[in-house]
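Novice: Structure: model-v7.cif, mmCIF, C-alpha atoms; chains and numbers go by the auth columns.
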```cif
data_target
#
loop_
_atom_site.group_PDB
_atom_site.id
_atom_site.type_symbol
_atom_site.label_atom_id
_atom_site.label_comp_id
_atom_site.label_asym_id
_atom_site.label_seq_id
_atom_site.Cartn_x
_atom_site.Cartn_y
_atom_site.Cartn_z
_atom_site.B_iso_or_equiv
_atom_site.auth_seq_id
_atom_site.auth_asym_id
ATOM 1 C CA MET A 1 0.000 0.000 0.000 0.00 241 A
ATOM 2 C CA ARG A 2 2.855 2.360 0.826 0.00 242 A
ATOM 3 C CA LYS A 3 4.450 1.729 -2.589 0.00 243 A
ATOM 4 C CA VAL A 4 1.192 2.608 -4.387 0.00 244 A
ATOM 5 C CA ILE A 5 0.924 5.927 -2.516 0.00 245 A
ATOM 6 C CA ILE A 6 4.540 6.829 -3.371 0.00 246 A
ATOM 7 C CA ILE A 7 3.938 5.987 -7.057 0.00 247 A
ATOM 8 C CA ILE A 8 0.732 8.057 -7.180 0.00 248 A
ATOM 9 C CA ILE A 9 2.404 11.040 -5.506 0.00 249 A
ATOM 10 C CA SER A 10 5.379 10.764 -7.878 0.00 250 A
ATOM 11 C CA VAL A 11 3.091 10.710 -10.932 0.00 251 A
ATOM 12 C CA VAL A 12 1.095 13.734 -9.689 0.00 252 A
ATOM 13 C CA VAL A 13 4.262 15.736 -8.945 0.00 253 A
ATOM 14 C CA GLY A 14 5.766 14.746 -12.310 0.00 254 A
ATOM 15 C CA LEU A 15 2.629 15.820 -14.184 0.00 255 A
ATOM 16 C CA PHE A 16 2.568 19.116 -12.290 0.00 256 A
ATOM 17 C CA ILE A 17 6.177 19.805 -13.273 0.00 257 A
ATOM 18 C CA LEU A 18 5.526 18.887 -16.926 0.00 258 A
ATOM 19 C CA ILE A 19 2.513 21.199 -17.060 0.00 259 A
ATOM 20 C CA ARG A 20 4.427 24.117 -15.474 0.00 260 A
ATOM 21 C CA ILE A 21 7.351 24.045 -17.965 0.00 261 A
ATOM 22 C CA PRO A 22 5.441 25.515 -20.974 0.00 262 A
ATOM 23 C CA ILE A 23 3.711 28.040 -18.694 0.00 263 A
ATOM 24 C CA ASN A 24 7.097 29.151 -17.337 0.00 264 A
ATOM 25 C CA LEU A 25 8.611 29.458 -20.830 0.00 265 A
ATOM 26 C CA ARG A 26 5.663 31.491 -22.115 0.00 266 A
ATOM 27 C CA SER A 27 5.365 33.858 -19.174 0.00 267 A
ATOM 28 C CA ASN A 28 9.125 34.557 -19.046 0.00 268 A
ATOM 29 C CA ALA A 29 9.780 34.645 -22.798 0.00 269 A
ATOM 30 C CA TYR A 30 11.375 38.117 -22.846 0.00 270 A
ATOM 31 C CA TYR A 31 13.696 37.236 -19.964 0.00 271 A
ATOM 32 C CA TYR A 32 14.881 34.070 -21.683 0.00 272 A
ATOM 33 C CA ALA A 33 15.163 35.747 -25.112 0.00 273 A
ATOM 34 C CA THR A 34 17.379 38.553 -23.812 0.00 274 A
ATOM 35 C CA HIS A 35 19.566 36.259 -21.702 0.00 275 A
ATOM 36 C CA MET A 36 20.328 33.650 -24.362 0.00 276 A
ATOM 37 C CA PRO A 37 23.642 33.637 -26.259 0.00 277 A
ATOM 38 C CA HIS A 38 23.305 35.337 -29.651 0.00 278 A
ATOM 39 C CA LYS A 39 25.296 37.036 -32.405 0.00 279 A
ATOM 40 C CA SER A 40 25.914 40.783 -32.422 0.00 280 A
ATOM 41 C CA ASN A 41 23.435 41.361 -35.272 0.00 281 A
ATOM 42 C CA GLN A 42 20.734 39.175 -33.715 0.00 282 A
ATOM 43 C CA TYR A 43 17.899 40.461 -31.537 0.00 283 A
ATOM 44 C CA PRO A 44 16.011 37.435 -30.144 0.00 284 A
ATOM 45 C CA PHE A 45 13.308 39.586 -28.549 0.00 285 A
ATOM 46 C CA VAL A 46 11.981 40.614 -31.995 0.00 286 A
ATOM 47 C CA PRO A 47 10.327 37.288 -32.946 0.00 287 A
ATOM 48 C CA ILE A 48 8.854 37.141 -29.434 0.00 288 A
ATOM 49 C CA LEU A 49 6.939 40.381 -30.136 0.00 289 A
ATOM 50 C CA SER A 50 4.505 38.248 -32.148 0.00 290 A
ATOM 51 C CA GLY A 51 2.598 36.274 -29.566 0.00 291 A
ATOM 52 C CA HIS A 52 3.815 37.678 -26.236 0.00 292 A
ATOM 53 C CA TYR A 53 2.627 40.826 -24.484 0.00 293 A
ATOM 54 C CA LEU A 54 5.395 43.319 -23.596 0.00 294 A
ATOM 55 C CA PRO A 55 4.533 45.662 -20.708 0.00 295 A
ATOM 56 C CA GLU A 56 5.500 49.292 -21.264 0.00 296 A
ATOM 57 C CA GLU A 57 7.380 49.413 -17.944 0.00 297 A
ATOM 58 C CA ASP A 58 9.840 46.830 -19.320 0.00 298 A
ATOM 59 C CA VAL A 59 10.988 49.346 -21.964 0.00 299 A
ATOM 60 C CA PRO A 60 10.915 52.818 -20.363 0.00 300 A
ATOM 61 C CA GLY A 61 11.054 55.654 -22.873 0.00 301 A
ATOM 62 C CA TYR A 62 9.289 53.584 -25.537 0.00 302 A
ATOM 63 C CA HIS A 63 5.608 53.168 -26.293 0.00 303 A
ATOM 64 C CA THR A 64 4.376 49.580 -26.642 0.00 304 A
ATOM 65 C CA LYS A 65 1.054 48.634 -28.183 0.00 305 A
ATOM 66 C CA ASN A 66 -0.703 45.420 -29.117 0.00 306 A
ATOM 67 C CA THR A 67 -1.735 45.837 -32.755 0.00 307 A
ATOM 68 C CA GLY A 68 -3.365 42.402 -32.964 0.00 308 A
ATOM 69 C CA SER A 69 -7.087 41.866 -32.695 0.00 309 A
ATOM 70 C CA THR A 70 -8.695 41.603 -29.262 0.00 310 A
ATOM 71 C CA ARG A 71 -9.347 37.877 -29.634 0.00 311 A
ATOM 72 C CA GLY A 72 -6.571 37.063 -32.039 0.00 312 A
ATOM 73 C CA PRO A 73 -2.831 36.805 -31.601 0.00 313 A
ATOM 74 C CA ILE A 74 -0.761 39.435 -29.844 0.00 314 A
ATOM 75 C CA LEU A 75 1.315 41.546 -32.255 0.00 315 A
ATOM 76 C CA MET A 76 3.391 44.023 -30.270 0.00 316 A
ATOM 77 C CA LYS A 77 4.694 47.283 -31.712 0.00 317 A
ATOM 78 C CA ILE A 78 7.461 49.323 -30.042 0.00 318 A
ATOM 79 C CA THR A 79 7.657 53.020 -30.929 0.00 319 A
ATOM 80 C CA ARG A 80 9.818 55.932 -29.873 0.00 320 A
ATOM 81 C CA GLU A 81 9.663 59.510 -31.119 0.00 321 A
ATOM 82 C CA GLY A 82 12.238 62.262 -30.730 0.00 322 A
ATOM 83 C CA ILE A 83 15.380 60.150 -30.895 0.00 323 A
ATOM 84 C CA LYS A 84 17.756 62.582 -32.614 0.00 324 A
ATOM 85 C CA LYS A 85 15.354 65.269 -33.866 0.00 325 A
ATOM 86 C CA ARG A 86 12.048 66.555 -32.556 0.00 326 A
ATOM 87 C CA HIS A 87 9.593 64.517 -34.662 0.00 327 A
ATOM 88 C CA ASP A 88 11.693 61.585 -35.865 0.00 328 A
ATOM 89 C CA ILE A 89 10.265 58.131 -35.209 0.00 329 A
ATOM 90 C CA LEU A 90 11.545 54.592 -34.760 0.00 330 A
ATOM 91 C CA GLN A 91 9.147 51.669 -34.889 0.00 331 A
ATOM 92 C CA ILE A 92 9.697 47.927 -34.473 0.00 332 A
ATOM 93 C CA LYS A 93 6.868 45.676 -35.544 0.00 333 A
ATOM 94 C CA GLY A 94 6.778 42.110 -36.801 0.00 334 A
ATOM 95 C CA GLY A 95 9.844 41.398 -38.882 0.00 335 A
ATOM 96 C CA SER A 96 10.980 44.972 -39.480 0.00 336 A
ATOM 97 C CA ALA A 97 12.172 48.192 -37.900 0.00 337 A
ATOM 98 C CA PHE A 98 12.069 51.601 -39.528 0.00 338 A
ATOM 99 C CA TYR A 99 13.378 55.083 -38.863 0.00 339 A
ATOM 100 C CA ALA A 100 11.866 58.210 -40.403 0.00 340 A
ATOM 101 C CA LEU A 101 12.381 61.933 -39.826 0.00 341 A
ATOM 102 C CA SER A 102 8.640 62.337 -39.195 0.00 342 A
ATOM 103 C CA THR A 103 5.401 60.381 -39.346 0.00 343 A
ATOM 104 C CA SER A 104 4.447 62.140 -42.593 0.00 344 A
ATOM 105 C CA GLU A 105 7.809 61.128 -44.123 0.00 345 A
ATOM 106 C CA ARG A 106 7.013 57.497 -43.246 0.00 346 A
ATOM 107 C CA MET A 107 3.599 57.704 -44.915 0.00 347 A
ATOM 108 C CA VAL A 108 5.101 58.790 -48.217 0.00 348 A
ATOM 109 C CA GLY A 109 7.704 56.025 -48.052 0.00 349 A
ATOM 110 C CA ASN A 110 10.629 58.260 -47.158 0.00 350 A
ATOM 111 C CA SER A 111 12.128 56.134 -44.369 0.00 351 A
ATOM 112 C CA TYR A 112 14.921 53.686 -43.720 0.00 352 A
ATOM 113 C CA ASP A 113 13.773 50.125 -43.140 0.00 353 A
ATOM 114 C CA LEU A 114 15.639 47.296 -41.487 0.00 354 A
ATOM 115 C CA TYR A 115 14.343 43.781 -42.050 0.00 355 A
ATOM 116 C CA PHE A 116 14.863 40.606 -40.114 0.00 356 A
ATOM 117 C CA PHE A 117 15.563 37.436 -42.086 0.00 357 A
ATOM 118 C CA LYS A 118 12.725 35.212 -43.343 0.00 358 A
ATOM 119 C CA HIS A 119 13.128 32.583 -40.665 0.00 359 A
ATOM 120 C CA ASN A 120 12.726 35.433 -38.139 0.00 360 A
ATOM 121 C CA ASN A 121 15.187 34.411 -35.448 0.00 361 A
ATOM 122 C CA GLY A 122 15.966 38.084 -34.858 0.00 362 A
ATOM 123 C CA THR A 123 18.951 38.275 -37.247 0.00 363 A
ATOM 124 C CA VAL A 124 19.137 41.606 -39.061 0.00 364 A
ATOM 125 C CA ASP A 125 19.304 41.989 -42.834 0.00 365 A
ATOM 126 C CA SER A 126 20.440 45.580 -43.480 0.00 366 A
ATOM 127 C CA LYS A 127 20.977 46.296 -47.151 0.00 367 A
ATOM 128 C CA ASN A 128 20.919 49.644 -48.924 0.00 368 A
ATOM 129 C CA MET A 129 20.875 51.773 -45.797 0.00 369 A
ATOM 130 C CA PRO A 130 23.089 54.765 -44.966 0.00 370 A
ATOM 131 C CA ASN A 131 25.576 54.153 -42.158 0.00 371 A
ATOM 132 C CA TYR A 132 24.030 56.892 -39.990 0.00 372 A
ATOM 133 C CA SER A 133 20.567 55.331 -40.062 0.00 373 A
ATOM 134 C CA ARG A 134 21.935 51.802 -39.643 0.00 374 A
ATOM 135 C CA LYS A 135 23.933 52.850 -36.574 0.00 375 A
ATOM 136 C CA LEU A 136 20.939 54.703 -35.142 0.00 376 A
ATOM 137 C CA ILE A 137 18.605 51.727 -35.531 0.00 377 A
ATOM 138 C CA TYR A 138 21.224 49.274 -34.192 0.00 378 A
ATOM 139 C CA ASP A 139 21.840 51.517 -31.180 0.00 379 A
ATOM 140 C CA GLU A 140 18.107 51.675 -30.468 0.00 380 A
ATOM 141 C CA LEU A 141 17.693 47.903 -30.896 0.00 381 A
ATOM 142 C CA ASN A 142 20.587 47.339 -28.473 0.00 382 A
ATOM 143 C CA ASN A 143 19.047 49.833 -26.067 0.00 383 A
ATOM 144 C CA ILE A 144 15.637 48.127 -26.210 0.00 384 A
ATOM 145 C CA GLN A 145 17.240 44.728 -25.703 0.00 385 A
ATOM 146 C CA ASN A 146 19.196 46.019 -22.681 0.00 386 A
ATOM 147 C CA GLU A 147 16.086 47.673 -21.190 0.00 387 A
ATOM 148 C CA ILE A 148 14.114 44.441 -21.500 0.00 388 A
ATOM 149 C CA LYS A 149 17.043 42.501 -20.028 0.00 389 A
ATOM 150 C CA GLN A 150 17.276 44.832 -17.018 0.00 390 A
ATOM 151 C CA ASN A 151 13.568 45.354 -16.345 0.00 391 A
ATOM 152 C CA THR A 152 12.063 41.917 -16.937 0.00 392 A
ATOM 153 C CA PRO A 153 11.646 40.021 -13.665 0.00 393 A
ATOM 154 C CA LYS A 154 13.716 36.897 -13.160 0.00 394 A
ATOM 155 C CA PRO A 155 11.715 33.645 -13.247 0.00 395 A
ATOM 156 C CA LYS A 156 11.342 31.663 -10.025 0.00 396 A
ATOM 157 C CA VAL A 157 12.645 28.556 -11.775 0.00 397 A
ATOM 158 C CA ASN A 158 15.183 29.338 -14.487 0.00 398 A
ATOM 159 C CA LEU A 159 14.710 27.100 -17.529 0.00 399 A
ATOM 160 C CA GLN A 160 17.112 28.981 -19.801 0.00 400 A
ATOM 161 C CA TRP A 161 18.668 25.786 -21.165 0.00 401 A
ATOM 162 C CA ILE A 162 15.244 24.514 -22.304 0.00 402 A
ATOM 163 C CA TRP A 163 14.486 27.908 -23.883 0.00 403 A
ATOM 164 C CA ASN A 164 17.793 27.917 -25.784 0.00 404 A
ATOM 165 C CA ILE A 165 17.063 24.484 -27.263 0.00 405 A
ATOM 166 C CA TRP A 166 13.454 25.417 -28.097 0.00 406 A
ATOM 167 C CA PHE A 167 14.500 28.714 -29.723 0.00 407 A
ATOM 168 C CA ARG A 168 17.173 27.008 -31.828 0.00 408 A
ATOM 169 C CA ILE A 169 14.650 24.416 -33.077 0.00 409 A
ATOM 170 C CA HIS A 170 11.709 26.767 -33.545 0.00 410 A
ATOM 171 C CA TYR A 171 13.564 29.717 -35.138 0.00 411 A
ATOM 172 C CA ARG A 172 16.135 28.021 -37.397 0.00 412 A
#
```
Show the structure stored in the file as structure tokens.
Specialist:
Amino acid sequence: MRKVIIIIISVVVGLFILIRIPINLRSNAYYYATHMPHKSNQYPFVPILSGHYLPEEDVPGYHTKNTGSTRGPILMKITREGIKKRHDILQIKGGSAFYALSTSERMVGNSYDLYFFKHNNGTVDSKNMPNYSRKLIYDELNNIQNEIKQNTPKPKVNLQWIWNIWFRIHYR
């Protein structure tokens, strides 16, 4: 009888742990994405913007907004105005980031766009962009990544190694 109780308790605890792993990975996605090893031109938080809510207090100085539907998937957009000039704008959304001197300049297509590769693992593809704009966007991406890294709370149980494997498989 004692053996049966130990087996039942072990199964219940094991199931509880297995159920908590995906919940932990999902709720701490930005922490894991910013703490994983990556290349200098890779921003792992960018693919996480599609499907995970990013609180505005995690990126002070930037405006975050869910542009997805209320019942559909979460599609976060990060925006900052007044970076170098009064009305210039930087926006990161989906698989791209752009910088324009004003919102009206963006509407007429007069902006510098930075795209992330097709497989969307956060690796930047920057072709045909002036060095000034490239440096500005890279500096802002690094700043956003550092803000998220500093301001995202640490998970109670750190499963970084599982996240790294999952990210490598999912975002090849």
Novice: Have a look at A:Leu289, A:Phe356, A:Glu380, A:Asp298 and name the one nearest to Glu321 of chain A; count only C-alpha atoms.
Specialist: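 Closest residue, counting only C-alpha atoms: A:Glu380.
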Novice: Which residue, A:Gly291, A:Gly335, A:Pro262, A:Pro393, has the smallest gap to Asn361 of chain A when you use all atoms listed in the file?
Specialist: A:Gly335
Novice: With the PyMOL selection byres ((chain A and resi 323) around 12) as the selection, what would be picked from this file? Answer as a list of chain:residue names, please.
Specialist: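 What the PyMOL selection byres ((chain A and resi 323) around 12) grabs from the file is A:Gly301, A:Tyr302, A:Thr319, A:Arg320, A:Glu321, A:Gly322, A:Lys324, A:Lys325, A:Arg326, A:His327, A:Asp328, A:Ile329, A:Leu330, A:Gln331, A:Tyr339, A:Ala340, A:Leu341, A:Ser342, A:Ser373, A:Leu376, A:Ile377, A:Asp379, A:Glu380, A:Asn383.
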Novice: Any idea what's packed within 8 Å of segment 284-287 of chain A, counting all atoms listed in the file, ignoring anything in its chain fewer than 2 positions away? Could you give it as a ChimeraX atom specification?
Specialist: /A:270,273-274,278,282,289-290,334-335,360-363,385
Novice: Using the chain letters and residue numbers of this document, give as a ChimeraX atom specification the residues selected by the PyMOL selection byres ((chain A and resi 264) around 9).
Specialist: /A:260-263,265-269,395-399
Novice: What does the file look like for those residues with C-alpha atoms, as a short mmCIF file (atom, residue, chain, number, x, y, z; two decimals), keeping the file's coordinate frame?
Specialist:
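Output file out-v2.cif is given in full below:
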```cif
data_model
loop_
_atom_site.label_atom_id
_atom_site.label_comp_id
_atom_site.auth_asym_id
_atom_site.auth_seq_id
_atom_site.Cartn_x
_atom_site.Cartn_y
_atom_site.Cartn_z
CA ARG A 260 4.43 24.12 -15.47
CA ILE A 261 7.35 24.04 -17.96
CA PRO A 262 5.44 25.52 -20.97
CA ILE A 263 3.71 28.04 -18.69
CA LEU A 265 8.61 29.46 -20.83
CA ARG A 266 5.66 31.49 -22.12
CA SER A 267 5.36 33.86 -19.17
CA ASN A 268 9.12 34.56 -19.05
CA ALA A 269 9.78 34.65 -22.80
CA PRO A 395 11.72 33.65 -13.25
CA LYS A 396 11.34 31.66 -10.02
CA VAL A 397 12.64 28.56 -11.78
CA ASN A 398 15.18 29.34 -14.49
CA LEU A 399 14.71 27.10 -17.53
#
```
Novice: Measuring atom to atom with all atoms listed in the file, identify which of A:Leu354, A:Ile288, A:Ile247, A:Leu294 is nearest to Tyr411 of chain A.
Specialist: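 Of A:Leu354, A:Ile288, A:Ile247, A:Leu294, the one nearest Tyr411 of chain A, counting all atoms listed in the file, is A:Ile288.
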